[in-house]
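Q: Structure file input.cif, mmCIF, C-alpha atoms, is pasted below:
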```cif
data_start
loop_
_atom_site.label_atom_id
_atom_site.label_comp_id
_atom_site.auth_asym_id
_atom_site.auth_seq_id
_atom_site.Cartn_x
_atom_site.Cartn_y
_atom_site.Cartn_z
CA MET I 1 4.91 -26.32 38.19
CA SER I 2 4.56 -26.53 41.94
CA THR I 3 8.18 -25.77 42.78
CA ALA I 4 9.32 -22.37 43.90
CA THR I 5 11.41 -21.89 40.77
CA THR I 6 8.51 -22.47 38.46
CA THR I 7 6.34 -20.13 40.46
CA GLU I 8 9.03 -17.52 40.08
CA ASP I 9 9.05 -18.22 36.39
CA GLN I 10 5.34 -17.74 36.28
CA VAL I 11 5.56 -14.41 38.05
CA ARG I 12 8.25 -13.34 35.62
CA PHE I 13 6.07 -14.65 32.83
CA PHE I 14 3.44 -12.01 33.43
CA GLU I 15 6.08 -9.31 33.09
CA ILE I 16 7.31 -10.69 29.81
CA GLU I 17 3.90 -11.41 28.36
CA GLU I 18 2.94 -7.77 28.68
CA HIS I 19 5.56 -6.97 26.05
CA GLU I 20 5.29 -10.11 24.01
CA HIS I 21 2.20 -9.65 21.89
CA PRO I 22 2.86 -11.49 18.67
CA GLU I 23 3.59 -9.23 15.74
CA GLY I 24 0.40 -7.92 14.20
CA ALA I 25 -1.92 -9.47 16.79
CA SER I 26 -3.64 -6.17 17.44
CA THR I 27 -3.34 -4.73 13.92
CA ALA I 28 -6.84 -5.69 12.81
CA LEU I 29 -8.51 -4.10 15.82
CA GLY I 30 -6.27 -1.03 15.64
CA PHE I 31 -7.02 -0.55 11.97
CA TRP I 32 -10.71 -0.95 12.65
CA ILE I 33 -10.49 1.80 15.30
CA TYR I 34 -8.79 4.00 12.69
CA LEU I 35 -11.62 3.32 10.24
CA MET I 36 -14.15 4.27 12.89
CA SER I 37 -12.34 7.56 13.47
CA ASP I 38 -12.37 8.09 9.70
CA CYS I 39 -16.08 7.39 9.83
CA LEU I 40 -16.40 10.28 12.29
CA ILE I 41 -14.61 12.60 9.85
CA PHE I 42 -17.14 11.68 7.19
CA ALA I 43 -19.95 12.12 9.71
CA MET I 44 -18.82 15.73 10.25
CA LEU I 45 -18.70 16.32 6.51
CA PHE I 46 -22.12 14.75 5.99
CA ALA I 47 -23.47 16.90 8.82
CA ALA I 48 -21.95 20.01 7.23
CA TYR I 49 -23.52 19.05 3.90
CA ALA I 50 -26.88 18.41 5.56
CA VAL I 51 -26.78 21.87 7.10
CA LEU I 52 -25.30 23.82 4.17
CA GLY I 53 -26.57 21.76 1.24
CA GLY I 54 -29.56 24.05 0.69
CA ASN I 55 -27.63 27.33 0.70
CA TYR I 56 -27.19 27.98 -3.01
CA ALA I 57 -26.44 31.72 -2.69
CA ALA I 58 -28.69 32.18 -5.73
CA GLY I 59 -26.35 29.89 -7.60
CA PRO I 60 -26.91 26.49 -9.19
CA ALA I 61 -28.78 23.77 -7.27
CA PRO I 62 -28.00 20.03 -7.36
CA ARG I 63 -30.51 19.33 -10.12
CA ASP I 64 -28.83 21.94 -12.33
CA LEU I 65 -25.44 20.33 -11.89
CA PHE I 66 -25.51 16.61 -11.24
CA GLU I 67 -25.52 14.09 -14.05
CA LEU I 68 -26.97 10.91 -12.64
CA ASP I 69 -25.72 8.79 -15.55
CA LEU I 70 -22.18 9.69 -14.62
CA VAL I 71 -22.82 9.05 -10.92
CA ALA I 72 -24.38 5.67 -11.71
CA LEU I 73 -21.32 4.78 -13.78
CA ASN I 74 -19.06 5.88 -10.93
CA THR I 75 -21.02 3.82 -8.43
CA ALA I 76 -20.70 0.80 -10.70
CA MET I 77 -16.91 1.31 -10.88
CA LEU I 78 -16.61 1.33 -7.11
CA LEU I 79 -18.91 -1.67 -6.72
CA PHE I 80 -16.92 -3.66 -9.30
CA SER I 81 -13.71 -2.72 -7.52
CA SER I 82 -15.19 -4.05 -4.28
CA ILE I 83 -15.98 -7.46 -5.72
CA THR I 84 -12.62 -7.70 -7.49
CA TYR I 85 -10.86 -6.86 -4.23
CA GLY I 86 -12.88 -9.69 -2.72
CA PHE I 87 -11.47 -11.97 -5.44
CA ALA I 88 -7.96 -10.77 -4.55
CA MET I 89 -8.61 -11.75 -0.92
CA LEU I 90 -9.87 -15.16 -2.00
CA ALA I 91 -6.77 -15.66 -4.16
CA MET I 92 -4.66 -14.65 -1.15
CA ALA I 93 -6.48 -17.19 1.02
CA ARG I 94 -5.59 -19.88 -1.53
CA GLY I 95 -1.97 -18.69 -1.45
CA LYS I 96 -1.86 -17.62 -5.12
CA ALA I 97 0.42 -14.60 -5.22
CA LEU I 98 0.14 -13.92 -8.96
CA GLN I 99 -3.66 -14.16 -8.96
CA THR I 100 -3.75 -11.82 -5.97
CA GLN I 101 -1.63 -9.31 -7.85
CA LEU I 102 -3.79 -9.56 -10.96
CA TRP I 103 -7.01 -8.98 -9.02
CA LEU I 104 -5.35 -6.08 -7.23
CA LEU I 105 -4.48 -4.66 -10.64
CA VAL I 106 -8.09 -5.02 -11.80
CA THR I 107 -9.25 -3.36 -8.56
CA ALA I 108 -6.81 -0.51 -9.10
CA GLY I 109 -8.14 -0.15 -12.64
CA PHE I 110 -11.72 0.27 -11.45
CA GLY I 111 -10.55 2.61 -8.68
CA ALA I 112 -8.66 4.72 -11.20
CA ALA I 113 -11.72 4.82 -13.47
CA PHE I 114 -13.79 6.02 -10.52
CA LEU I 115 -11.30 8.78 -9.77
CA TRP I 116 -11.03 9.81 -13.40
CA ILE I 117 -14.80 10.17 -13.72
CA GLU I 118 -14.96 12.11 -10.45
CA LEU I 119 -12.17 14.48 -11.47
CA HIS I 120 -13.89 14.91 -14.84
CA GLU I 121 -17.07 15.92 -12.97
CA PHE I 122 -15.16 18.31 -10.69
CA ALA I 123 -13.35 19.89 -13.63
CA HIS I 124 -16.65 20.36 -15.45
CA LEU I 125 -18.28 21.97 -12.40
CA ILE I 126 -15.37 24.34 -11.84
CA HIS I 127 -15.30 25.15 -15.56
CA ILE I 128 -18.96 26.24 -15.58
CA GLY I 129 -18.39 28.43 -12.54
CA ALA I 130 -19.79 26.02 -9.95
CA GLY I 131 -16.54 25.62 -8.03
CA PRO I 132 -16.25 25.29 -4.26
CA GLN I 133 -16.21 29.06 -3.78
CA ARG I 134 -19.58 29.59 -5.51
CA SER I 135 -21.89 28.76 -2.59
CA ALA I 136 -22.02 27.01 0.80
CA PHE I 137 -23.72 24.10 -0.93
CA LEU I 138 -20.84 23.70 -3.37
CA SER I 139 -18.20 24.16 -0.63
CA ALA I 140 -19.80 21.38 1.38
CA PHE I 141 -20.21 19.25 -1.74
CA PHE I 142 -16.59 19.54 -2.84
CA THR I 143 -15.30 18.96 0.70
CA LEU I 144 -17.38 15.83 1.25
CA VAL I 145 -16.98 14.22 -2.16
CA GLY I 146 -13.38 15.43 -2.47
CA THR I 147 -12.42 13.88 0.86
CA HIS I 148 -13.87 10.59 -0.29
CA GLY I 149 -11.95 10.91 -3.56
CA LEU I 150 -8.76 11.62 -1.63
CA HIS I 151 -9.28 8.43 0.35
CA VAL I 152 -9.74 6.50 -2.87
CA THR I 153 -6.51 8.06 -4.16
CA PHE I 154 -4.58 6.87 -1.13
CA GLY I 155 -6.28 3.49 -1.42
CA LEU I 156 -4.99 3.30 -5.01
CA VAL I 157 -1.46 4.11 -3.90
CA TRP I 158 -1.76 1.45 -1.21
CA ILE I 159 -3.01 -1.14 -3.74
CA LEU I 160 -0.05 -0.44 -6.04
CA VAL I 161 2.38 -0.65 -3.10
CA MET I 162 0.87 -3.99 -2.09
CA MET I 163 1.23 -5.34 -5.63
CA VAL I 164 4.93 -4.54 -5.42
CA GLN I 165 5.18 -5.94 -1.88
CA VAL I 166 3.52 -9.21 -2.86
CA GLY I 167 5.83 -9.36 -5.88
CA LEU I 168 8.93 -8.88 -3.73
CA LYS I 169 8.08 -10.88 -0.61
CA GLY I 170 5.19 -13.10 -1.64
CA LEU I 171 2.18 -13.74 0.57
CA VAL I 172 4.10 -13.63 3.86
CA PRO I 173 2.06 -13.07 7.06
CA ALA I 174 2.92 -9.34 7.09
CA ASN I 175 1.61 -8.92 3.55
CA ARG I 176 -1.53 -10.91 4.32
CA ARG I 177 -2.14 -8.63 7.28
CA ARG I 178 -1.66 -5.53 5.15
CA LEU I 179 -3.92 -6.85 2.42
CA THR I 180 -6.56 -7.57 5.06
CA CYS I 181 -6.35 -3.99 6.35
CA LEU I 182 -6.49 -2.65 2.81
CA SER I 183 -9.55 -4.81 2.23
CA LEU I 184 -11.28 -3.18 5.19
CA PHE I 185 -10.22 0.26 3.94
CA TRP I 186 -11.41 -0.32 0.39
CA HIS I 187 -14.79 -1.80 1.37
CA PHE I 188 -15.19 0.99 3.94
CA LEU I 189 -14.82 3.56 1.15
CA ASP I 190 -17.56 1.80 -0.76
CA VAL I 191 -19.80 2.05 2.31
CA ILE I 192 -19.13 5.80 2.52
CA TRP I 193 -19.93 6.11 -1.19
CA ILE I 194 -23.39 4.59 -0.52
CA GLY I 195 -24.01 7.57 1.77
CA VAL I 196 -22.64 9.99 -0.82
CA PHE I 197 -24.68 8.83 -3.79
CA THR I 198 -27.84 8.50 -1.71
CA PHE I 199 -27.75 11.69 0.32
CA VAL I 200 -25.83 13.99 -2.01
CA TYR I 201 -26.71 12.93 -5.52
CA LEU I 202 -30.06 11.13 -5.38
CA MET I 203 -31.58 13.27 -2.62
CA GLY I 204 -30.13 16.33 -4.36
CA MET I 205 -32.09 15.54 -7.50
CA LEU I 206 -35.29 15.20 -5.46
CA ARG I 207 -34.80 18.48 -3.66
CA MET X 1 15.69 -8.21 24.15
CA SER X 2 12.11 -9.18 24.67
CA GLN X 3 12.50 -11.59 21.79
CA ASP X 4 15.30 -13.38 23.66
CA ALA X 5 13.25 -13.52 26.82
CA HIS X 6 10.39 -14.90 24.82
CA THR X 7 12.48 -17.69 23.31
CA ALA X 8 14.02 -18.62 26.63
CA HIS X 9 10.62 -18.62 28.12
CA HIS X 10 9.29 -21.08 25.60
CA ASP X 11 12.00 -23.53 26.60
CA ASP X 12 11.47 -23.14 30.33
CA VAL X 13 7.78 -23.23 30.87
CA PRO X 14 5.57 -26.11 29.83
CA HIS X 15 3.14 -25.22 27.08
CA ALA X 16 0.07 -25.88 29.18
CA ALA X 17 1.33 -23.71 32.04
CA ARG X 18 2.05 -20.94 29.59
CA HIS X 19 -1.43 -21.06 28.22
CA HIS X 20 -2.89 -21.15 31.68
CA ALA X 21 -0.92 -18.11 32.76
CA ALA X 22 -1.72 -16.27 29.58
CA HIS X 23 -5.39 -16.97 29.90
CA GLY X 24 -6.39 -13.39 29.30
CA HIS X 25 -4.31 -13.15 26.18
CA ALA X 26 -4.74 -16.64 24.82
CA ALA X 27 -7.60 -15.85 22.47
CA HIS X 28 -5.89 -12.68 21.38
CA ALA X 29 -2.61 -14.36 20.56
CA HIS X 30 -4.41 -17.01 18.58
CA GLY X 31 -6.07 -14.29 16.57
CA GLY X 32 -2.64 -12.97 15.68
CA HIS X 33 -1.24 -16.30 14.65
CA HIS X 34 -4.08 -17.79 12.74
CA GLY X 35 -6.74 -15.13 12.47
CA ASP X 36 -4.92 -12.91 9.97
CA HIS X 37 -5.92 -15.08 7.10
CA GLY X 38 -8.54 -17.18 8.80
CA GLU X 39 -11.35 -14.85 9.70
CA ALA X 40 -11.06 -11.67 7.71
CA HIS X 41 -12.15 -12.94 4.33
CA GLY X 42 -15.36 -14.62 3.36
CA THR X 43 -16.11 -17.21 0.77
CA LEU X 44 -16.73 -16.73 -2.93
CA ARG X 45 -20.42 -17.27 -2.18
CA ASP X 46 -20.39 -14.44 0.39
CA TYR X 47 -18.83 -12.02 -2.07
CA LEU X 48 -21.19 -12.94 -4.91
CA ILE X 49 -24.30 -12.67 -2.71
CA GLY X 50 -23.07 -9.31 -1.40
CA PHE X 51 -22.32 -8.08 -4.91
CA LEU X 52 -25.68 -9.11 -6.36
CA LEU X 53 -27.58 -7.58 -3.43
CA SER X 54 -25.54 -4.37 -3.80
CA VAL X 55 -26.28 -4.15 -7.52
CA VAL X 56 -30.01 -4.51 -6.88
CA LEU X 57 -29.96 -2.12 -3.92
CA THR X 58 -28.06 0.46 -6.01
CA ALA X 59 -29.95 0.06 -9.28
CA ILE X 60 -33.44 0.49 -7.81
CA PRO X 61 -32.78 3.88 -6.12
CA PHE X 62 -31.08 5.21 -9.27
CA TRP X 63 -33.97 3.98 -11.40
CA LEU X 64 -36.51 5.54 -9.00
CA VAL X 65 -34.81 8.94 -9.14
CA MET X 66 -34.11 8.87 -12.88
CA THR X 67 -37.62 7.89 -13.97
CA ARG X 68 -39.72 9.16 -11.00
CA PRO X 69 -42.53 6.62 -11.04
CA LEU X 70 -43.43 7.60 -7.46
CA ALA X 71 -44.10 10.79 -5.55
CA ASP X 72 -40.91 12.51 -4.37
CA PRO X 73 -41.37 11.97 -0.59
CA THR X 74 -42.04 8.26 -1.15
CA THR X 75 -38.97 8.00 -3.36
CA ALA X 76 -36.87 9.74 -0.70
CA VAL X 77 -37.96 7.32 2.02
CA ILE X 78 -37.33 4.31 -0.22
CA ILE X 79 -33.82 5.36 -1.27
CA VAL X 80 -32.82 6.04 2.35
CA VAL X 81 -34.10 2.63 3.43
CA PHE X 82 -32.24 1.01 0.51
CA ALA X 83 -29.04 2.85 1.49
CA ILE X 84 -29.26 1.60 5.07
CA VAL X 85 -29.90 -1.96 3.91
CA GLN X 86 -26.99 -1.74 1.47
CA VAL X 87 -24.65 -0.52 4.21
CA LEU X 88 -25.65 -3.56 6.26
CA VAL X 89 -25.10 -5.84 3.25
CA HIS X 90 -21.60 -4.42 2.77
CA MET X 91 -20.79 -4.84 6.46
CA VAL X 92 -21.87 -8.46 6.51
CA TYR X 93 -20.68 -9.70 3.11
CA PHE X 94 -17.67 -7.47 2.35
CA LEU X 95 -16.37 -6.35 5.74
CA HIS X 96 -17.32 -9.69 7.34
CA MET X 97 -18.55 -8.02 10.48
CA ASN X 98 -19.74 -10.20 13.31
CA GLY X 99 -19.98 -9.97 17.08
CA ARG X 100 -17.15 -12.44 17.69
CA ALA X 101 -14.18 -10.86 15.88
CA GLU X 102 -11.49 -9.55 18.26
CA GLY X 103 -13.53 -10.67 21.25
CA GLY X 104 -16.42 -8.42 20.25
CA TRP X 105 -14.38 -5.22 20.28
CA THR X 106 -14.82 -4.38 16.61
CA MET X 107 -18.59 -4.59 17.10
CA THR X 108 -18.37 -2.47 20.25
CA ALA X 109 -16.34 0.17 18.42
CA LEU X 110 -18.78 0.09 15.51
CA ILE X 111 -21.84 0.54 17.72
CA PHE X 112 -20.16 3.39 19.58
CA THR X 113 -19.30 5.04 16.26
CA ILE X 114 -22.83 4.64 14.93
CA ILE X 115 -24.21 6.31 18.07
CA VAL X 116 -21.77 9.23 17.76
CA VAL X 117 -22.46 9.59 14.02
CA PHE X 118 -26.21 9.56 14.66
CA ILE X 119 -25.91 12.23 17.37
CA THR X 120 -23.59 14.37 15.21
CA ILE X 121 -25.67 14.33 12.06
CA SER X 122 -29.16 14.42 13.55
CA GLY X 123 -28.10 16.97 16.18
CA SER X 124 -26.48 19.28 13.61
CA ALA X 125 -29.43 19.02 11.28
CA TRP X 126 -31.98 19.51 14.05
CA VAL X 127 -30.34 22.57 15.56
CA LEU X 128 -29.23 24.28 12.38
CA TRP X 129 -32.33 23.66 10.32
CA HIS X 130 -34.31 25.35 13.09
CA LEU X 131 -31.77 28.13 13.02
CA SER X 132 -32.19 28.53 9.26
CA ASP X 133 -35.97 28.65 9.65
CA ASN X 134 -35.66 31.37 12.22
CA MET X 135 -33.25 33.34 10.05
CA MET X 136 -35.48 33.28 6.99
CA PRO X 137 -37.35 36.58 7.51
CA MET X 138 -34.02 38.38 7.83
CA SER X 139 -32.47 36.97 4.70
CA HIS X 140 -35.42 38.11 2.62
CA GLY X 141 -34.68 41.67 3.52
CA MET X 142 -30.99 41.41 2.80
CA PRO X 143 -30.06 43.56 -0.15
CA ALA X 144 -26.64 41.92 -0.65
CA ARG X 145 -28.13 38.79 -2.15
CA PRO X 146 -27.08 38.86 -5.80
#
```
Using structure tokens, write down the structure from this file.
A:
Amino acid sequence: MSTATTTEDQVRFFEIEEHEHPEGASTALGFWIYLMSDCLIFAMLFAAYAVLGGNYAAGPAPRDLFELDLVALNTAMLLFSSITYGFAMLAMARGKALQTQLWLLVTAGFGAAFLWIELHEFAHLIHIGAGPQRSAFLSAFFTLVGTHGLHVTFGLVWILVMMVQVGLKGLVPANRRRLTCLSLFWHFLDVIWIGVFTFVYLMGMLR
Amino acid sequence: MSQDAHTAHHDDVPHAARHHAAHGHAAHAHGGHHGDHGEAHGTLRDYLIGFLLSVVLTAIPFWLVMTRPLADPTTAVIIVVFAIVQVLVHMVYFLHMNGRAEGGWTMTALIFTIIVVFITISGSAWVLWHLSDNMMPMSHGMPARP
């Protein structure tokens, strides 16, 4: 350690270490930064809704359109999917690949139910002439809620891909890392949905 | 290439020296090796507590709006407070947020984001609601409103 050679090694070591981050060491932080940037996208959409949400253009207002029973059911679907994803993570921590896959499947089921109900609502609104082109309120509504729904769609695709990945490779470190990122993504979407049902649906009914 | 260098390096330099030299990265590297499946999930208890709290914090606002036992402004304040509390519950019990993960950088990024989100939403609302108020007399006179 005190010889010249070792010192040289140490100097060289700094060079190498710069490029030697272990695989995936920074994935969690990087993915978190992505989620924060996604959070900013939703902040813009919430801000747009806050500004435009009262501009009905003499068209229907929230209380004419929203069915709280359906929204409550949707919220329950997303909440159930959050806890079942938690169970998938716990199964992963115990190293049970099959259990992880099964809980992922259950999560995907709840996620799909959420999407189906949301699309049903959208189709109904468009059918009765309350589509995104009707008023600024409805444009902002469809953009905000639709963007959330799009995220859930991609989350679903990701869940299905991870079920296949776990089936093919098992719970290898790379898959654990991906499942951890997906966990953050999925719970993050639930957090955004809290904002949606509170500020769009519940506040809309009070307006 | 770097993989080779890395392997050779392991053989040459004593473990302790390596750690000493890599002081700045030591915690980070450990996070990569062990943290993937060590820190990012909670316990069954965490998830169940989070779930039960979420159910309560969701059910009460829905019930308040569906049955309207209170005056509207009171209801509005309560559901906003419940939403904020539920977001915190999700962050703690589902996202497992704490100030120590990644050397505090996730928390730093989160706080920064919250500040930007707050400025964006409150700033937009503040400016444009005032704008709408000021535009009101004009829109009354607009004939094109169907």
Q: One decimal, in Å: what's the spacing between atom CA of Gln133 of chain I and atom CA of Ala58 of chain I?
A: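 Distance between the two atoms: 13.0 Å.
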Q: Would you list which chain I residues are within 6 Å of chain X using all atoms listed in the file, as a PDB file with C-alpha atoms, in the frame of the given file?
A:
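So the final result, stored in iface-v5.pdb, reads:
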```pdb
ATOM      1  CA  ALA I  25      -1.920  -9.470  16.790  1.00  0.00           C
ATOM      2  CA  ALA I  43     -19.950  12.120   9.710  1.00  0.00           C
ATOM      3  CA  ALA I  47     -23.470  16.900   8.820  1.00  0.00           C
ATOM      4  CA  VAL I  51     -26.780  21.870   7.100  1.00  0.00           C
ATOM      5  CA  ARG I 177      -2.140  -8.630   7.280  1.00  0.00           C
ATOM      6  CA  VAL I 191     -19.800   2.050   2.310  1.00  0.00           C
TER       7      VAL I 191
END
```
Q: With a distance cut-off of 12 Å and only C-alpha atoms, select the neighbouring residues of Pro132 of chain I, excluding the residue or stretch itself and same-chain residues fewer than 2 positions from it, and output the selection as a list in words.
A: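 Once the nearby chain positions are removed, what remains is Tyr56, Gly59, Pro60, Phe122, Ala123, Leu125, Ile126, His127, Ile128, Gly129, Ala130, Arg134, Ser135, Ala136, Phe137, Leu138, Ser139, Ala140, Phe141, Phe142, Thr143, Leu144, Val145 and Gly146 of chain I.
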Q: Can those selected residues be exported to a file as a compact mmCIF listing (two decimals), in the frame of the given file so that it contains C-alpha atoms?
A:
```txt
# COMPACT_ATOMS: atom_id res chain seq x y z
CA TYR I 56 -27.19 27.98 -3.01
CA GLY I 59 -26.35 29.89 -7.60
CA PRO I 60 -26.91 26.49 -9.19
CA PHE I 122 -15.16 18.31 -10.69
CA ALA I 123 -13.35 19.89 -13.63
CA LEU I 125 -18.28 21.97 -12.40
CA ILE I 126 -15.37 24.34 -11.84
CA HIS I 127 -15.30 25.15 -15.56
CA ILE I 128 -18.96 26.24 -15.58
CA GLY I 129 -18.39 28.43 -12.54
CA ALA I 130 -19.79 26.02 -9.95
CA ARG I 134 -19.58 29.59 -5.51
CA SER I 135 -21.89 28.76 -2.59
CA ALA I 136 -22.02 27.01 0.80
CA PHE I 137 -23.72 24.10 -0.93
CA LEU I 138 -20.84 23.70 -3.37
CA SER I 139 -18.20 24.16 -0.63
CA ALA I 140 -19.80 21.38 1.38
CA PHE I 141 -20.21 19.25 -1.74
CA PHE I 142 -16.59 19.54 -2.84
CA THR I 143 -15.30 18.96 0.70
CA LEU I 144 -17.38 15.83 1.25
CA VAL I 145 -16.98 14.22 -2.16
CA GLY I 146 -13.38 15.43 -2.47
```
Q: Just want the 10 Å neighbourhood of Trp158 of chain I, counted on only C-alpha atoms, with same-chain residues fewer than 2 positions away dropped. Output as number ranges by chain.
A: I: 108, 152-156, 160-164, 178-179, 182, 185-186
Q: For atom CA of His187 of chain I and atom CA of Leu40 of chain I, quote the distance in Å rounded to one decimal.
A: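 Atom CA of His187 of chain I sits 16.4 Å away from atom CA of Leu40 of chain I.
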Q: Name the residues captured by the PyMOL selection byres ((chain I and resi 90) around 10) when it is applied to the shown file; answer as a list in words.
A: Thr84, Tyr85, Gly86, Phe87, Ala88, Met89, Ala91, Met92, Ala93, Arg94, Gly95, Lys96, Gln99, Thr100 and Trp103 of chain I; His37, His41, Gly42, Thr43, Leu44 and Tyr47 of chain X
Q: Output C-alpha atoms for every residue in that selection, as a compact mmCIF listing (two decimals), keeping the file's coordinate frame.
A:
```txt
# COMPACT_ATOMS: atom_id res chain seq x y z
CA THR I 84 -12.62 -7.70 -7.49
CA TYR I 85 -10.86 -6.86 -4.23
CA GLY I 86 -12.88 -9.69 -2.72
CA PHE I 87 -11.47 -11.97 -5.44
CA ALA I 88 -7.96 -10.77 -4.55
CA MET I 89 -8.61 -11.75 -0.92
CA ALA I 91 -6.77 -15.66 -4.16
CA MET I 92 -4.66 -14.65 -1.15
CA ALA I 93 -6.48 -17.19 1.02
CA ARG I 94 -5.59 -19.88 -1.53
CA GLY I 95 -1.97 -18.69 -1.45
CA LYS I 96 -1.86 -17.62 -5.12
CA GLN I 99 -3.66 -14.16 -8.96
CA THR I 100 -3.75 -11.82 -5.97
CA TRP I 103 -7.01 -8.98 -9.02
CA HIS X 37 -5.92 -15.08 7.10
CA HIS X 41 -12.15 -12.94 4.33
CA GLY X 42 -15.36 -14.62 3.36
CA THR X 43 -16.11 -17.21 0.77
CA LEU X 44 -16.73 -16.73 -2.93
CA TYR X 47 -18.83 -12.02 -2.07
```
Q: One decimal, in Å: what's the spacing between atom CA of Gly111 of chain I and atom CA of Trp32 of chain I?
A: 21.6 Å
Q: Using all atoms listed in the file, which of the listed residues (X:Ile78, X:Val56, X:Val85, X:Met97) sits closest to Ala76 of chain I?
A: X:Val56
Q: Apply the PyMOL selection byres ((chain I and resi 67) around 12) to the displayed file and report the matching residues as an MDAnalysis selection string.
A: (chainID I and resid 62:66 68:74 117:118 120:122 124:125 197 201:202 204:205) or (chainID X and resid 62 65:66)
